[in-house]
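Here the structure is laid out as structure tokens; the discussion comes afterwards.
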Amino acid sequence: MTLNPNSYTKQPWEEETIKIDFTERLAAGDSLSSALVTIWEGTTEKTTEMIGSSSVENPYVIVKLKAGEDGINYSLRVRATTSNGGKYEEDLVVRIRQIGQ
């Protein structure tokens, strides 16, 4: 599965919840059992600063994004496991852009 869109834009002050949909990856009768969500600025992990929470609500991984530095593109990585032993990884570019002053 390729995320569509493959990028997400928010302003630095905003805290927003997004859903990563794994429907296309799951076989009939399979479900998500866990997910590990991390976010990176290059090779520096920023998960503590930018991920407020994450959870599994089948077939979605729910992520609360917060903070970020204006003008920076971050890489959000979602690694999910399924009840049938599947392992899936999805990546999303999170762009931080301050609009206005």
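Ordering of the structure tokens sets the chain letters (A, B, ...), residue numbers begin anew at 1 in every chain, and ligands are numbered from 1 in the order given.
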
Please provide the set of residues having any atom within 9 Å of Gln98 in chain A, restricted to only C-alpha atoms, with same-chain residues fewer than 6 positions apart removed, written as a ChimeraX atom specification. /A:10-13,69-71

Report as a short mmCIF file (atom, residue, chain, number, x, y, z; two decimals) with N, CA and C atoms, in the first residue's frame: the residues of range 7-83 of chain A with a DSSP assignment of strand (DSSP E), based on the backbone of this structure.
data_model
loop_
_atom_site.label_atom_id
_atom_site.label_comp_id
_atom_site.auth_asym_id
_atom_site.auth_seq_id
_atom_site.Cartn_x
_atom_site.Cartn_y
_atom_site.Cartn_z
N SER A 7 2.01 12.88 1.92
CA SER A 7 2.52 13.93 2.79
C SER A 7 1.35 14.60 3.50
N TYR A 8 1.69 15.25 4.60
CA TYR A 8 0.69 15.91 5.44
C TYR A 8 1.31 17.22 5.92
N THR A 9 0.55 18.30 5.89
CA THR A 9 1.06 19.61 6.30
C THR A 9 0.28 20.13 7.50
N LYS A 10 1.00 20.64 8.49
CA LYS A 10 0.39 21.28 9.64
C LYS A 10 1.25 22.46 10.07
N GLU A 15 -2.14 20.83 17.06
CA GLU A 15 -2.15 19.43 17.48
C GLU A 15 -3.30 18.79 16.73
N GLU A 16 -2.98 17.84 15.86
CA GLU A 16 -3.98 17.23 15.00
C GLU A 16 -3.88 15.72 15.04
N THR A 17 -5.03 15.07 14.88
CA THR A 17 -5.09 13.62 14.86
C THR A 17 -5.29 13.15 13.42
N ILE A 18 -4.45 12.21 12.99
CA ILE A 18 -4.56 11.64 11.65
C ILE A 18 -4.77 10.14 11.75
N LYS A 19 -5.34 9.55 10.68
CA LYS A 19 -5.56 8.12 10.61
C LYS A 19 -4.74 7.55 9.45
N ILE A 20 -3.99 6.51 9.73
CA ILE A 20 -3.28 5.77 8.68
C ILE A 20 -4.10 4.51 8.42
N ASP A 21 -4.62 4.37 7.22
CA ASP A 21 -5.55 3.30 6.87
C ASP A 21 -4.80 2.08 6.30
N LEU A 32 -5.22 -5.43 12.69
CA LEU A 32 -4.02 -4.88 13.32
C LEU A 32 -4.00 -5.26 14.79
N SER A 33 -2.83 -5.67 15.27
CA SER A 33 -2.72 -6.00 16.70
C SER A 33 -1.86 -4.99 17.45
N SER A 34 -0.92 -4.35 16.76
CA SER A 34 -0.09 -3.34 17.42
C SER A 34 0.53 -2.43 16.37
N ALA A 35 1.01 -1.28 16.84
CA ALA A 35 1.69 -0.35 15.94
C ALA A 35 2.74 0.43 16.72
N LEU A 36 3.87 0.65 16.09
CA LEU A 36 4.93 1.49 16.63
C LEU A 36 5.06 2.69 15.70
N VAL A 37 4.89 3.90 16.25
CA VAL A 37 4.93 5.12 15.46
C VAL A 37 6.13 5.94 15.91
N THR A 38 6.97 6.32 14.96
CA THR A 38 8.11 7.19 15.25
C THR A 38 8.14 8.30 14.21
N ILE A 39 8.82 9.39 14.55
CA ILE A 39 8.97 10.49 13.61
C ILE A 39 10.41 10.98 13.67
N TRP A 40 10.96 11.32 12.49
CA TRP A 40 12.38 11.62 12.36
C TRP A 40 12.62 12.91 11.60
N GLU A 41 13.63 13.65 12.03
CA GLU A 41 14.19 14.76 11.26
C GLU A 41 15.56 14.30 10.81
N THR A 44 17.67 12.08 13.25
CA THR A 44 17.36 12.41 14.65
C THR A 44 15.91 12.09 14.95
N GLU A 45 15.69 11.23 15.92
CA GLU A 45 14.32 10.88 16.29
C GLU A 45 13.68 12.02 17.08
N ILE A 51 4.96 13.34 18.77
CA ILE A 51 3.84 12.38 18.80
C ILE A 51 3.19 12.44 20.17
N GLY A 52 1.95 12.95 20.20
CA GLY A 52 1.23 13.05 21.47
C GLY A 52 0.73 11.70 21.93
N SER A 53 0.27 10.88 20.97
CA SER A 53 -0.21 9.54 21.28
C SER A 53 -0.40 8.79 19.98
N SER A 54 -0.51 7.47 20.10
CA SER A 54 -0.86 6.63 18.96
C SER A 54 -1.62 5.42 19.47
N SER A 55 -2.52 4.91 18.63
CA SER A 55 -3.31 3.75 19.02
C SER A 55 -3.78 3.03 17.77
N VAL A 56 -4.26 1.80 17.97
CA VAL A 56 -4.83 1.01 16.89
C VAL A 56 -6.34 0.99 17.06
N GLU A 57 -7.04 1.39 16.00
CA GLU A 57 -8.50 1.28 15.91
C GLU A 57 -8.77 0.69 14.54
N TYR A 60 -7.31 1.16 11.30
CA TYR A 60 -6.51 2.38 11.32
C TYR A 60 -5.48 2.38 12.45
N VAL A 61 -4.38 3.11 12.20
CA VAL A 61 -3.49 3.53 13.26
C VAL A 61 -3.75 5.02 13.43
N ILE A 62 -4.12 5.42 14.65
CA ILE A 62 -4.47 6.80 14.95
C ILE A 62 -3.25 7.47 15.59
N VAL A 63 -2.87 8.64 15.06
CA VAL A 63 -1.67 9.35 15.52
C VAL A 63 -2.02 10.80 15.82
N LYS A 64 -1.67 11.24 17.03
CA LYS A 64 -1.83 12.66 17.37
C LYS A 64 -0.49 13.35 17.18
N LEU A 65 -0.45 14.27 16.20
CA LEU A 65 0.76 15.03 15.90
C LEU A 65 0.74 16.35 16.63
N LYS A 66 1.91 16.77 17.10
CA LYS A 66 2.02 18.07 17.76
C LYS A 66 3.38 18.68 17.43
N ASN A 73 10.70 19.26 7.04
CA ASN A 73 9.96 18.07 6.64
C ASN A 73 10.43 16.91 7.50
N TYR A 74 9.49 16.26 8.16
CA TYR A 74 9.79 15.12 9.02
C TYR A 74 9.30 13.84 8.36
N SER A 75 9.88 12.71 8.74
CA SER A 75 9.46 11.40 8.24
C SER A 75 8.75 10.65 9.35
N LEU A 76 7.44 10.42 9.15
CA LEU A 76 6.65 9.64 10.10
C LEU A 76 6.67 8.19 9.64
N ARG A 77 7.04 7.27 10.55
CA ARG A 77 7.10 5.84 10.23
C ARG A 77 6.10 5.09 11.10
N VAL A 78 5.28 4.27 10.46
CA VAL A 78 4.30 3.45 11.17
C VAL A 78 4.62 1.98 10.87
N ARG A 79 4.96 1.23 11.89
CA ARG A 79 5.20 -0.21 11.76
C ARG A 79 4.10 -0.94 12.50
N ALA A 80 3.31 -1.70 11.74
CA ALA A 80 2.15 -2.38 12.31
C ALA A 80 2.30 -3.89 12.17
N THR A 81 1.83 -4.60 13.18
CA THR A 81 1.77 -6.06 13.13
C THR A 81 0.30 -6.47 13.16
N THR A 82 0.02 -7.66 12.61
CA THR A 82 -1.37 -8.12 12.52
C THR A 82 -1.57 -9.41 13.31
#

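CA of Met50 in chain A is found 22.0 Å from CA of Tyr88 in chain A.
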
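Counting only C-alpha atoms and comparing A:Arg95, A:Ile72, A:Asn84, A:Glu89, the residue that lies closest to Gly42 in chain A is A:Ile72.
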
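Shortest separation to Glu24 in chain A among A:Thr48, A:Ile99, A:Asn6, A:Pro59 occurs at residue A:Pro59, atoms counted being only C-alpha atoms.
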